[in-house]
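**Q** The following file, target08.cif, comprises mmCIF, C-alpha atoms:
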data_work
#
loop_
_atom_site.group_PDB
_atom_site.id
_atom_site.type_symbol
_atom_site.label_atom_id
_atom_site.label_comp_id
_atom_site.auth_asym_id
_atom_site.auth_seq_id
_atom_site.Cartn_x
_atom_site.Cartn_y
_atom_site.Cartn_z
ATOM 1 C CA MET T 1 -60.762 -53.548 42.558
ATOM 2 C CA ARG T 2 -57.340 -54.059 44.107
ATOM 3 C CA HIS T 3 -56.995 -57.305 42.188
ATOM 4 C CA VAL T 4 -57.658 -55.747 38.780
ATOM 5 C CA PRO T 5 -54.307 -54.888 37.197
ATOM 6 C CA ALA T 6 -53.969 -51.151 36.658
ATOM 7 C CA TRP T 7 -53.090 -51.533 33.009
ATOM 8 C CA THR T 8 -56.450 -53.208 32.290
ATOM 9 C CA LEU T 9 -58.253 -49.939 32.978
ATOM 10 C CA THR T 10 -55.838 -48.077 30.738
ATOM 11 C CA LEU T 11 -56.252 -50.606 27.963
ATOM 12 C CA VAL T 12 -60.057 -50.486 28.134
ATOM 13 C CA LEU T 13 -60.023 -46.695 27.956
ATOM 14 C CA CYS T 14 -57.612 -46.690 25.024
ATOM 15 C CA VAL T 15 -59.725 -49.143 23.057
ATOM 16 C CA ALA T 16 -62.914 -47.181 23.784
ATOM 17 C CA ALA T 17 -61.291 -43.895 22.777
ATOM 18 C CA GLY T 18 -59.892 -45.304 19.565
ATOM 19 C CA SER T 19 -63.068 -47.091 18.493
ATOM 20 C CA LEU T 20 -63.495 -47.061 14.743
ATOM 21 C CA ARG T 21 -66.315 -44.805 13.618
ATOM 22 C CA ALA T 22 -66.719 -43.631 10.041
ATOM 23 C CA GLU T 23 -68.605 -40.390 9.532
ATOM 24 C CA TYR T 24 -72.339 -40.729 8.836
ATOM 25 C CA GLY T 25 -72.962 -40.972 5.087
ATOM 26 C CA ASP T 26 -69.408 -41.909 4.087
ATOM 27 C CA VAL T 27 -69.415 -44.121 0.987
ATOM 28 C CA VAL T 28 -66.717 -46.639 0.116
ATOM 29 C CA ILE T 29 -66.451 -47.069 -3.663
ATOM 30 C CA ASN T 30 -64.597 -50.255 -4.444
ATOM 31 C CA LYS T 31 -66.113 -51.898 -7.496
ATOM 32 C CA ARG T 32 -62.766 -51.886 -9.251
ATOM 33 C CA SER T 33 -60.127 -50.202 -7.085
ATOM 34 C CA ASP T 34 -58.817 -53.319 -5.352
ATOM 35 C CA LYS T 35 -58.729 -55.213 -8.634
ATOM 36 C CA GLU T 36 -56.891 -52.345 -10.300
ATOM 37 C CA GLY T 37 -54.347 -52.173 -7.494
ATOM 38 C CA VAL T 38 -55.267 -48.785 -6.060
ATOM 39 C CA ARG T 39 -56.809 -47.897 -2.714
ATOM 40 C CA PRO T 40 -60.628 -47.769 -2.658
ATOM 41 C CA VAL T 41 -62.318 -44.362 -2.780
ATOM 42 C CA VAL T 42 -63.837 -42.879 0.372
ATOM 43 C CA PHE T 43 -66.522 -40.360 -0.569
ATOM 44 C CA PRO T 44 -67.509 -38.068 2.322
ATOM 45 C CA HIS T 45 -71.079 -36.772 2.009
ATOM 46 C CA TRP T 46 -70.498 -34.373 4.945
ATOM 47 C CA PHE T 47 -67.716 -32.525 3.134
ATOM 48 C CA HIS T 48 -69.569 -32.205 -0.150
ATOM 49 C CA ARG T 49 -72.956 -31.136 1.232
ATOM 50 C CA ILE T 50 -71.385 -28.129 2.939
ATOM 51 C CA ARG T 51 -70.497 -26.907 -0.548
ATOM 52 C CA PHE T 52 -73.173 -28.394 -2.822
ATOM 53 C CA ARG T 53 -76.809 -29.343 -2.341
ATOM 54 C CA CYS T 54 -77.775 -32.967 -3.001
ATOM 55 C CA LYS T 55 -79.455 -31.972 -6.266
ATOM 56 C CA VAL T 56 -76.176 -30.895 -7.863
ATOM 57 C CA CYS T 57 -74.678 -34.388 -7.858
ATOM 58 C CA HIS T 58 -77.878 -36.419 -7.801
ATOM 59 C CA GLN T 59 -79.631 -34.421 -10.509
ATOM 60 C CA GLU T 60 -77.212 -32.396 -12.609
ATOM 61 C CA LEU T 61 -74.326 -34.872 -12.452
ATOM 62 C CA GLY T 62 -76.600 -37.896 -12.652
ATOM 63 C CA PHE T 63 -75.460 -39.910 -9.629
ATOM 64 C CA LYS T 64 -78.161 -42.404 -8.696
ATOM 65 C CA MET T 65 -78.999 -42.206 -5.017
ATOM 66 C CA ARG T 66 -78.487 -45.885 -4.208
ATOM 67 C CA ALA T 67 -74.878 -46.601 -3.246
ATOM 68 C CA GLY T 68 -73.528 -49.166 -5.692
ATOM 69 C CA ALA T 69 -75.938 -48.193 -8.474
ATOM 70 C CA ASN T 70 -73.391 -46.018 -10.265
ATOM 71 C CA ASP T 71 -70.627 -47.168 -12.569
ATOM 72 C CA VAL T 72 -68.037 -44.486 -12.154
ATOM 73 C CA LEU T 73 -65.071 -45.010 -14.447
ATOM 74 C CA MET T 74 -61.891 -42.950 -14.391
ATOM 75 C CA ALA T 75 -62.241 -42.441 -18.153
ATOM 76 C CA ASP T 76 -65.580 -40.705 -17.584
ATOM 77 C CA ILE T 77 -64.194 -38.581 -14.764
ATOM 78 C CA ILE T 78 -61.318 -37.445 -16.978
ATOM 79 C CA ASP T 79 -63.924 -36.608 -19.656
ATOM 80 C CA GLY T 80 -65.660 -34.324 -17.153
ATOM 81 C CA LYS T 81 -68.514 -36.603 -16.154
ATOM 82 C CA PHE T 82 -69.565 -37.567 -12.597
ATOM 83 C CA CYS T 83 -66.827 -36.427 -10.151
ATOM 84 C CA GLY T 84 -65.019 -34.863 -13.105
ATOM 85 C CA MET T 85 -67.644 -32.144 -13.373
ATOM 86 C CA CYS T 86 -65.931 -30.486 -10.364
ATOM 87 C CA HIS T 87 -62.713 -32.452 -9.974
ATOM 88 C CA ASN T 88 -61.143 -30.748 -12.983
ATOM 89 C CA GLU T 89 -58.570 -28.423 -11.377
ATOM 90 C CA ARG T 90 -61.033 -25.549 -11.623
ATOM 91 C CA ILE T 91 -63.579 -26.212 -8.856
ATOM 92 C CA ALA T 92 -61.664 -28.972 -7.061
ATOM 93 C CA TRP T 93 -58.443 -30.933 -7.535
ATOM 94 C CA GLY T 94 -58.070 -32.743 -10.852
ATOM 95 C CA PRO T 95 -58.137 -36.461 -11.613
ATOM 96 C CA ASP T 96 -54.339 -36.658 -11.580
ATOM 97 C CA ARG T 97 -54.397 -36.403 -7.759
ATOM 98 C CA CYS T 98 -55.223 -40.122 -7.465
ATOM 99 C CA ASP T 99 -54.326 -40.545 -3.798
ATOM 100 C CA LEU T 100 -56.629 -37.831 -2.471
ATOM 101 C CA CYS T 101 -59.778 -39.768 -3.437
ATOM 102 C CA HIS T 102 -58.271 -43.263 -3.468
ATOM 103 C CA SER T 103 -57.434 -43.067 0.221
ATOM 104 C CA GLY T 104 -59.290 -46.045 1.723
ATOM 105 C CA LEU T 105 -58.005 -49.191 3.363
ATOM 106 C CA ARG T 106 -57.380 -51.915 0.832
ATOM 107 C CA GLY T 107 -60.106 -54.535 0.883
ATOM 108 C CA ALA T 108 -62.719 -52.169 2.352
ATOM 109 C CA ALA T 109 -66.220 -53.396 1.549
ATOM 110 C CA PRO T 110 -68.134 -51.016 -0.740
ATOM 111 C CA GLY T 111 -71.310 -49.295 0.442
ATOM 112 C CA ILE T 112 -72.598 -46.589 2.713
ATOM 113 C CA LYS T 113 -70.951 -46.413 6.143
ATOM 114 C CA GLY T 114 -71.098 -44.523 9.386
ATOM 115 C CA GLY T 115 -73.833 -46.285 11.311
ATOM 116 C CA ALA T 116 -76.361 -46.166 8.487
ATOM 117 C CA GLN T 117 -77.446 -49.773 8.908
ATOM 118 C CA THR T 118 -80.948 -50.303 10.195
ATOM 119 C CA SER T 119 -82.091 -53.196 12.346
ATOM 120 C CA GLY T 120 -83.930 -54.830 9.457
ATOM 121 C CA PRO T 121 -82.400 -56.984 6.722
ATOM 122 C CA GLY T 122 -81.773 -53.730 4.905
ATOM 123 C CA ARG T 123 -80.384 -52.941 1.489
ATOM 124 C CA TRP T 124 -77.804 -50.734 3.193
ATOM 125 C CA MET M 1 -44.346 -55.803 45.369
ATOM 126 C CA THR M 2 -44.036 -52.999 47.867
ATOM 127 C CA GLU M 3 -46.921 -50.698 48.650
ATOM 128 C CA ALA M 4 -45.005 -47.697 47.303
ATOM 129 C CA ARG M 5 -44.273 -49.419 44.006
ATOM 130 C CA ARG M 6 -47.916 -50.456 43.614
ATOM 131 C CA SER M 7 -49.038 -46.905 44.309
ATOM 132 C CA TRP M 8 -46.653 -45.592 41.661
ATOM 133 C CA ARG M 9 -48.154 -47.957 39.108
ATOM 134 C CA TRP M 10 -51.647 -46.798 39.896
ATOM 135 C CA TRP M 11 -50.691 -43.172 39.406
ATOM 136 C CA ALA M 12 -49.013 -43.965 36.085
ATOM 137 C CA ALA M 13 -52.073 -45.853 34.897
ATOM 138 C CA ALA M 14 -54.393 -43.058 35.997
ATOM 139 C CA ALA M 15 -52.236 -40.468 34.223
ATOM 140 C CA ALA M 16 -52.270 -42.561 31.047
ATOM 141 C CA ALA M 17 -56.049 -42.912 31.276
ATOM 142 C CA VAL M 18 -56.539 -39.165 31.735
ATOM 143 C CA ALA M 19 -54.180 -38.424 28.843
ATOM 144 C CA THR M 20 -56.094 -40.860 26.634
ATOM 145 C CA ALA M 21 -59.428 -39.321 27.600
ATOM 146 C CA ALA M 22 -58.091 -35.811 26.995
ATOM 147 C CA TRP M 23 -56.830 -36.841 23.583
ATOM 148 C CA ALA M 24 -60.144 -38.433 22.641
ATOM 149 C CA ALA M 25 -62.583 -36.112 24.356
ATOM 150 C CA PRO M 26 -62.155 -32.716 22.632
ATOM 151 C CA SER M 27 -63.736 -33.920 19.411
ATOM 152 C CA LEU M 28 -67.127 -35.503 18.833
ATOM 153 C CA TRP M 29 -65.981 -36.577 15.383
ATOM 154 C CA GLN M 30 -63.524 -39.322 14.595
ATOM 155 C CA ARG M 31 -60.303 -38.333 12.855
ATOM 156 C CA LEU M 32 -59.943 -39.672 9.304
ATOM 157 C CA GLU M 33 -56.850 -41.770 10.035
ATOM 158 C CA ALA M 34 -58.738 -43.569 12.820
ATOM 159 C CA ASP M 35 -62.165 -43.968 11.198
ATOM 160 C CA GLY M 36 -61.669 -47.515 9.964
ATOM 161 C CA LEU M 37 -62.166 -46.464 6.321
ATOM 162 C CA HIS M 38 -59.104 -44.383 5.471
ATOM 163 C CA ASP M 39 -55.674 -45.897 5.181
ATOM 164 C CA PRO M 40 -53.649 -44.110 7.872
ATOM 165 C CA ARG M 41 -50.609 -44.390 5.556
ATOM 166 C CA SER M 42 -52.403 -42.720 2.642
ATOM 167 C CA PRO M 43 -50.833 -39.443 1.463
ATOM 168 C CA ALA M 44 -54.349 -37.969 1.658
ATOM 169 C CA ILE M 45 -54.165 -37.905 5.456
ATOM 170 C CA GLY M 46 -52.911 -34.471 6.293
ATOM 171 C CA VAL M 47 -54.363 -33.023 3.077
ATOM 172 C CA LEU M 48 -58.043 -33.911 3.489
ATOM 173 C CA GLN M 49 -60.123 -31.769 5.836
ATOM 174 C CA GLN M 50 -60.895 -33.421 9.183
ATOM 175 C CA PRO M 51 -64.632 -33.770 10.015
ATOM 176 C CA ALA M 52 -64.297 -31.891 13.322
ATOM 177 C CA GLU M 53 -62.827 -28.843 11.624
ATOM 178 C CA ALA M 54 -65.739 -28.580 9.199
ATOM 179 C CA LEU M 55 -68.629 -29.744 11.372
ATOM 180 C CA GLU M 56 -67.862 -28.244 14.776
ATOM 181 C CA PRO M 57 -68.974 -24.678 13.840
ATOM 182 C CA LEU M 58 -72.326 -25.845 12.383
ATOM 183 C CA PRO M 59 -75.669 -26.050 14.259
ATOM 184 C CA ARG M 60 -75.558 -29.148 16.465
ATOM 185 C CA ASP M 61 -77.837 -32.161 16.250
ATOM 186 C CA GLY M 62 -78.023 -35.351 18.292
ATOM 187 C CA ALA M 63 -77.714 -37.903 15.499
ATOM 188 C CA GLY M 64 -76.042 -38.595 12.169
ATOM 189 C CA ASN M 65 -73.185 -36.151 11.568
ATOM 190 C CA LEU M 66 -74.276 -34.319 14.753
ATOM 191 C CA VAL M 67 -75.166 -31.418 12.450
ATOM 192 C CA ASN M 68 -78.649 -30.035 11.882
ATOM 193 C CA TRP M 69 -78.201 -29.625 8.148
ATOM 194 C CA VAL M 70 -81.450 -27.761 7.451
ATOM 195 C CA LYS M 71 -80.673 -25.314 10.230
ATOM 196 C CA ALA M 72 -77.173 -24.943 8.791
ATOM 197 C CA ILE M 73 -78.673 -23.529 5.579
ATOM 198 C CA ASP M 74 -81.512 -21.594 7.247
ATOM 199 C CA SER M 75 -79.135 -19.888 9.680
ATOM 200 C CA GLY M 76 -76.727 -18.951 6.904
ATOM 201 C CA ALA M 77 -73.906 -21.016 8.424
ATOM 202 C CA ILE M 78 -73.510 -22.657 5.002
ATOM 203 C CA ASN M 79 -74.818 -21.796 1.563
ATOM 204 C CA PRO M 80 -74.102 -24.802 -0.641
ATOM 205 C CA ARG M 81 -74.391 -24.259 -4.400
ATOM 206 C CA THR M 82 -77.765 -25.135 -5.913
ATOM 207 C CA ASN M 83 -76.495 -25.776 -9.429
ATOM 208 C CA LEU M 84 -73.377 -25.962 -11.572
ATOM 209 C CA LEU M 85 -74.964 -25.319 -14.946
ATOM 210 C CA PRO M 86 -76.473 -21.850 -15.420
ATOM 211 C CA GLU M 87 -79.433 -23.290 -17.325
ATOM 212 C CA THR M 88 -80.528 -25.602 -14.495
ATOM 213 C CA GLU M 89 -83.849 -24.562 -13.025
ATOM 214 C CA VAL M 90 -83.667 -24.567 -9.211
ATOM 215 C CA ARG M 91 -87.055 -25.845 -8.124
ATOM 216 C CA LEU M 92 -88.498 -25.160 -4.678
ATOM 217 C CA ARG M 93 -91.809 -26.052 -3.102
ATOM 218 C CA GLU M 94 -93.237 -24.935 0.227
ATOM 219 C CA ASP M 95 -96.292 -27.052 1.048
ATOM 220 C CA ASP M 96 -96.601 -29.687 3.791
ATOM 221 C CA ILE M 97 -98.203 -33.089 3.293
ATOM 222 C CA ILE M 98 -99.844 -34.905 6.212
ATOM 223 C CA VAL M 99 -99.844 -38.688 6.059
ATOM 224 C CA ALA M 100 -102.255 -40.057 8.659
ATOM 225 C CA LYS M 101 -103.027 -43.711 9.290
ATOM 226 C CA TYR M 102 -104.476 -43.124 12.779
ATOM 227 C CA GLY M 103 -102.370 -45.945 14.155
ATOM 228 C CA SER M 104 -100.385 -46.001 17.354
ATOM 229 C CA MET M 105 -97.951 -43.369 16.078
ATOM 230 C CA PRO M 106 -98.657 -39.697 15.467
ATOM 231 C CA ALA M 107 -99.269 -38.728 11.825
ATOM 232 C CA VAL M 108 -96.341 -37.802 9.570
ATOM 233 C CA LYS M 109 -95.822 -34.270 8.364
ATOM 234 C CA PHE M 110 -93.723 -34.176 5.220
ATOM 235 C CA PRO M 111 -92.395 -30.666 4.551
ATOM 236 C CA HIS M 112 -91.569 -29.979 0.898
ATOM 237 C CA ARG M 113 -89.583 -26.871 1.863
ATOM 238 C CA GLN M 114 -86.826 -28.660 3.794
ATOM 239 C CA HIS M 115 -86.602 -31.344 1.114
ATOM 240 C CA THR M 116 -86.438 -29.054 -1.908
ATOM 241 C CA LEU M 117 -83.855 -26.963 -0.087
ATOM 242 C CA TRP M 118 -81.520 -29.868 -0.808
ATOM 243 C CA LEU M 119 -83.170 -31.996 -3.487
ATOM 244 C CA ASP M 120 -84.758 -31.622 -6.886
ATOM 245 C CA CYS M 121 -88.314 -32.856 -7.516
ATOM 246 C CA ALA M 122 -86.955 -35.569 -9.799
ATOM 247 C CA ASN M 123 -84.917 -37.133 -7.007
ATOM 248 C CA CYS M 124 -88.160 -38.495 -5.526
ATOM 249 C CA HIS M 125 -90.772 -38.099 -8.275
ATOM 250 C CA ASP M 126 -91.873 -40.338 -9.748
ATOM 251 C CA GLN M 127 -89.441 -43.165 -9.030
ATOM 252 C CA LEU M 128 -89.869 -43.195 -5.249
ATOM 253 C CA PHE M 129 -93.222 -41.470 -4.858
ATOM 254 C CA LYS M 130 -96.018 -40.591 -7.243
ATOM 255 C CA ALA M 131 -96.579 -36.850 -7.375
ATOM 256 C CA GLN M 132 -100.218 -37.252 -6.433
ATOM 257 C CA LEU M 133 -101.761 -36.835 -3.018
ATOM 258 C CA GLY M 134 -102.896 -40.166 -1.529
ATOM 259 C CA ALA M 135 -101.410 -42.242 -4.322
ATOM 260 C CA ASN M 136 -98.491 -43.593 -2.274
ATOM 261 C CA LYS M 137 -98.466 -46.456 0.184
ATOM 262 C CA PHE M 138 -95.867 -45.993 2.898
ATOM 263 C CA SER M 139 -94.377 -48.820 4.895
ATOM 264 C CA MET M 140 -91.968 -48.585 7.818
ATOM 265 C CA THR M 141 -90.677 -52.031 6.895
ATOM 266 C CA ALA M 142 -89.741 -50.751 3.447
ATOM 267 C CA ILE M 143 -88.256 -47.575 4.936
ATOM 268 C CA LEU M 144 -86.166 -49.555 7.422
ATOM 269 C CA ASN M 145 -84.990 -51.639 4.484
ATOM 270 C CA GLY M 146 -83.633 -48.590 2.715
ATOM 271 C CA GLU M 147 -86.587 -48.034 0.390
ATOM 272 C CA GLN M 148 -88.870 -44.971 0.106
ATOM 273 C CA CYS M 149 -87.842 -42.354 2.754
ATOM 274 C CA GLY M 150 -85.175 -44.839 3.871
ATOM 275 C CA LEU M 151 -83.187 -44.269 0.697
ATOM 276 C CA CYS M 152 -81.840 -41.128 2.404
ATOM 277 C CA HIS M 153 -83.085 -41.282 6.007
ATOM 278 C CA GLY M 154 -80.806 -43.790 7.652
ATOM 279 C CA ALA M 155 -78.021 -43.239 5.143
ATOM 280 C CA VAL M 156 -77.255 -39.514 4.796
ATOM 281 C CA ALA M 157 -80.328 -37.662 6.099
ATOM 282 C CA PHE M 158 -81.192 -37.845 9.805
ATOM 283 C CA PRO M 159 -81.454 -41.493 10.860
ATOM 284 C CA LEU M 160 -84.501 -43.626 11.596
ATOM 285 C CA THR M 161 -83.945 -43.430 15.331
ATOM 286 C CA GLU M 162 -85.525 -39.948 15.230
ATOM 287 C CA CYS M 163 -89.153 -41.181 14.991
ATOM 288 C CA ASN M 164 -90.833 -38.018 16.232
ATOM 289 C CA ARG M 165 -89.286 -35.696 13.688
ATOM 290 C CA CYS M 166 -91.498 -37.243 11.014
ATOM 291 C CA HIS M 167 -94.284 -38.588 13.240
ATOM 292 C CA SER M 168 -94.978 -35.146 14.627
ATOM 293 C CA VAL M 169 -98.724 -34.489 14.253
ATOM 294 C CA PRO M 170 -101.024 -35.814 17.024
ATOM 295 C CA ASN M 171 -103.812 -37.900 15.496
ATOM 296 C CA ALA M 172 -106.358 -36.232 17.767
ATOM 297 C CA SER M 173 -105.684 -32.854 16.190
ATOM 298 C CA LEU M 174 -106.583 -34.305 12.773
ATOM 299 C CA ARG M 175 -109.630 -36.308 13.897
ATOM 300 C CA ARG M 176 -111.204 -33.247 15.417
ATOM 301 C CA LYS M 177 -111.318 -31.566 12.020
ATOM 302 C CA ALA M 178 -112.820 -34.634 10.347
ATOM 303 C CA GLY M 179 -115.237 -35.410 13.219
ATOM 304 C CA PRO M 180 -119.062 -35.216 13.190
#
Turn this file's structure into structure tokens for me.

**A**
Amino acid sequence: MRHVPAWTLTLVLCVAAGSLRAEYGDVVINKRSDKEGVRPVVFPHWFHRIRFRCKVCHQELGFKMRAGANDVLMADIIDGKFCGMCHNERIAWGPDRCDLCHSGLRGAAPGIKGGAQTSGPGRW
Amino acid sequence: MTEARRSWRWWAAAAAAVATAAWAAPSLWQRLEADGLHDPRSPAIGVLQQPAEALEPLPRDGAGNLVNWVKAIDSGAINPRTNLLPETEVRLREDDIIVAKYGSMPAVKFPHRQHTLWLDCANCHDQLFKAQLGANKFSMTAILNGEQCGLCHGAVAFPLTECNRCHSVPNASLRRKAGP
């Protein structure tokens, strides 16, 4: 132990503490964002399900449950479809607040995140 | 290097380690700017709610978001909206379905109540499952691949590491009823 430099321990602890861990159910939406020159969208399921049951978005708003199965265009959102059903300045912030949804790291791979992968080949 | 100088270094390293642990330990949930998804330079950081702030007060679980989401509704900790449109019919169902294969695992009890608390019938029927008792073939391989129950369990609903939450009915208790 005397031969292990002290800073090694510190470094190991820092790396462990800062380990990257997305929240369970987070979805990165990046079909077009990178190409269009904006940050990808990070959709947090945890935030939304505190306020709305699954059926609101996946039934009333028409979001298919498979990540990647939806084509969500800004034009539709501005017209009040998909996210725009709430993100309209009445229930939640409007579509002019680009940066609040488009907040992901550039180049982030789309899909569901947060430890959702199973041990199998998996569609997730 | 003198002994005193070496000792000083050890104390500094230990203090740094404790400070790091103290900074990381208070929260079970990663901060957005450090989650590997959000751009730490995004103007959204500082505006968006942090997971710990929202999730810490809710009933605790050991997996997923570390929140027992059904308990969160049942206890009244949250009351998420059931519909946006006034004309939407909010459909609930209370019955349990037992799926027994009498294999090495206990039988599965599927509770409609906990599922319709969150979901509408049409989220599962009839694309994922036929709405007819005994008409569906379940496969753990498919589920682990993100099909059937695995469309949600393993993605947003409690993960597939929690075997016994679904496989919860001892086979013996079912056989006795069907026995000679």

**Q** Going by the chain IDs and residue numbers used in this file, which residues fall under the PyMOL selection byres ((chain M and resi 96) around 10)? Write them as a list in words.

**A**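 Output of the PyMOL selection byres ((chain M and resi 96) around 10): Arg93, Glu94, Asp95, Ile97, Ile98, Val99, Val108, Lys109, Phe110, Pro111, His112, Arg113 and Gln114 of chain M.
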
**Q** Just say which residues the PyMOL selection byres ((chain M) within 6 of (chain T)) picks in this file, as a VMD selection string.

**A** chain M and resid 10 13 17 24 35 to 39 42 44 64 to 65 80 to 83 118 to 120 144 to 146 154 to 156

**Q** Excluding segment 67-75 of chain M and any residue of its chain fewer than 3 positions from it, enumerate the residues within 7 Å of it, using only C-alpha atoms, and give them as number ranges by chain.

**A** M: 55, 58-61, 78-79, 114

**Q** Have a look at atom CA of Ala63 of chain M and atom CA of His115 of chain M and let me know their distance in Å, one decimal.

**A**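 We find that atom CA of Ala63 of chain M and atom CA of His115 of chain M lie 18.1 Å from each other.
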
**Q** Would you work out the distance separating atom CA of Leu32 of chain M from atom CA of Pro110 of chain T, expressed in Å to one decimal?

**A**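 Atom-to-atom, atom CA of Leu32 of chain M and atom CA of Pro110 of chain T are spaced 17.2 Å apart.
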
**Q** For each of M:Ser139, M:Lys101, M:Gln127, M:Pro106, take the minimum atom-to-atom distance to Cys163 of chain M, counting all atoms listed in the file, then give the residue where this is smallest.

**A**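 Among the listed residues, M:Pro106 lies closest to Cys163 of chain M.
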
**Q** Just the number, please: distance in Å from atom CA of His153 of chain M to atom CA of Phe43 of chain T, one decimal.

**A**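 So the two atoms, atom CA of His153 of chain M and atom CA of Phe43 of chain T, lie 17.8 Å apart.
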
**Q** Which residue, M:Leu28, M:Ala107, M:Leu48, M:Ala12, has the smallest gap to Leu174 of chain M when you use all atoms listed in the file?

**A**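 Smallest separation from Leu174 of chain M among the options: M:Ala107.
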
**Q** Taking only C-alpha atoms, show segment 12-62 of chain T of the given structure as an mmCIF file, in the first residue's frame.

**A**
data_model
loop_
_atom_site.group_PDB
_atom_site.id
_atom_site.type_symbol
_atom_site.label_atom_id
_atom_site.label_comp_id
_atom_site.auth_asym_id
_atom_site.auth_seq_id
_atom_site.Cartn_x
_atom_site.Cartn_y
_atom_site.Cartn_z
ATOM 1 C CA VAL T 12 -10.144 6.195 -8.753
ATOM 2 C CA LEU T 13 -12.687 7.695 -6.367
ATOM 3 C CA CYS T 14 -13.254 10.708 -8.605
ATOM 4 C CA VAL T 15 -13.846 8.548 -11.660
ATOM 5 C CA ALA T 16 -16.229 6.266 -9.746
ATOM 6 C CA ALA T 17 -18.166 9.223 -8.349
ATOM 7 C CA GLY T 18 -18.471 10.909 -11.713
ATOM 8 C CA SER T 19 -19.481 7.792 -13.634
ATOM 9 C CA LEU T 20 -21.917 8.582 -16.407
ATOM 10 C CA ARG T 21 -25.403 7.302 -15.689
ATOM 11 C CA ALA T 22 -28.467 8.486 -17.572
ATOM 12 C CA GLU T 23 -31.776 8.202 -15.758
ATOM 13 C CA TYR T 24 -33.772 5.022 -16.425
ATOM 14 C CA GLY T 25 -36.125 5.539 -19.373
ATOM 15 C CA ASP T 26 -34.391 8.607 -20.818
ATOM 16 C CA VAL T 27 -34.790 8.728 -24.603
ATOM 17 C CA VAL T 28 -32.371 10.417 -26.984
ATOM 18 C CA ILE T 29 -34.191 11.651 -30.098
ATOM 19 C CA ASN T 30 -31.694 12.326 -32.838
ATOM 20 C CA LYS T 31 -33.162 11.324 -36.177
ATOM 21 C CA ARG T 32 -32.587 14.797 -37.550
ATOM 22 C CA SER T 33 -31.125 17.070 -34.869
ATOM 23 C CA ASP T 34 -27.453 16.520 -35.674
ATOM 24 C CA LYS T 35 -28.119 16.899 -39.386
ATOM 25 C CA GLU T 36 -30.070 20.091 -38.763
ATOM 26 C CA GLY T 37 -27.298 21.518 -36.606
ATOM 27 C CA VAL T 38 -29.090 21.537 -33.264
ATOM 28 C CA ARG T 39 -28.437 19.490 -30.142
ATOM 29 C CA PRO T 40 -30.332 16.178 -29.935
ATOM 30 C CA VAL T 41 -33.426 16.009 -27.726
ATOM 31 C CA VAL T 42 -33.262 14.263 -24.355
ATOM 32 C CA PHE T 43 -36.744 13.143 -23.326
ATOM 33 C CA PRO T 44 -37.000 12.245 -19.623
ATOM 34 C CA HIS T 45 -39.749 9.701 -18.921
ATOM 35 C CA TRP T 46 -39.290 10.202 -15.146
ATOM 36 C CA PHE T 47 -40.210 13.884 -15.329
ATOM 37 C CA HIS T 48 -43.249 13.391 -17.530
ATOM 38 C CA ARG T 49 -44.762 10.401 -15.716
ATOM 39 C CA ILE T 50 -44.942 12.374 -12.476
ATOM 40 C CA ARG T 51 -47.360 14.680 -14.287
ATOM 41 C CA PHE T 52 -49.032 12.481 -16.918
ATOM 42 C CA ARG T 53 -49.891 8.796 -17.113
ATOM 43 C CA CYS T 54 -48.401 6.801 -19.993
ATOM 44 C CA LYS T 55 -51.782 6.706 -21.735
ATOM 45 C CA VAL T 56 -51.835 10.470 -22.282
ATOM 46 C CA CYS T 57 -48.848 10.475 -24.630
ATOM 47 C CA HIS T 58 -49.046 6.898 -25.871
ATOM 48 C CA GLN T 59 -52.783 6.943 -26.529
ATOM 49 C CA GLU T 60 -54.163 10.462 -26.802
ATOM 50 C CA LEU T 61 -51.073 12.015 -28.390
ATOM 51 C CA GLY T 62 -50.333 8.958 -30.502
#
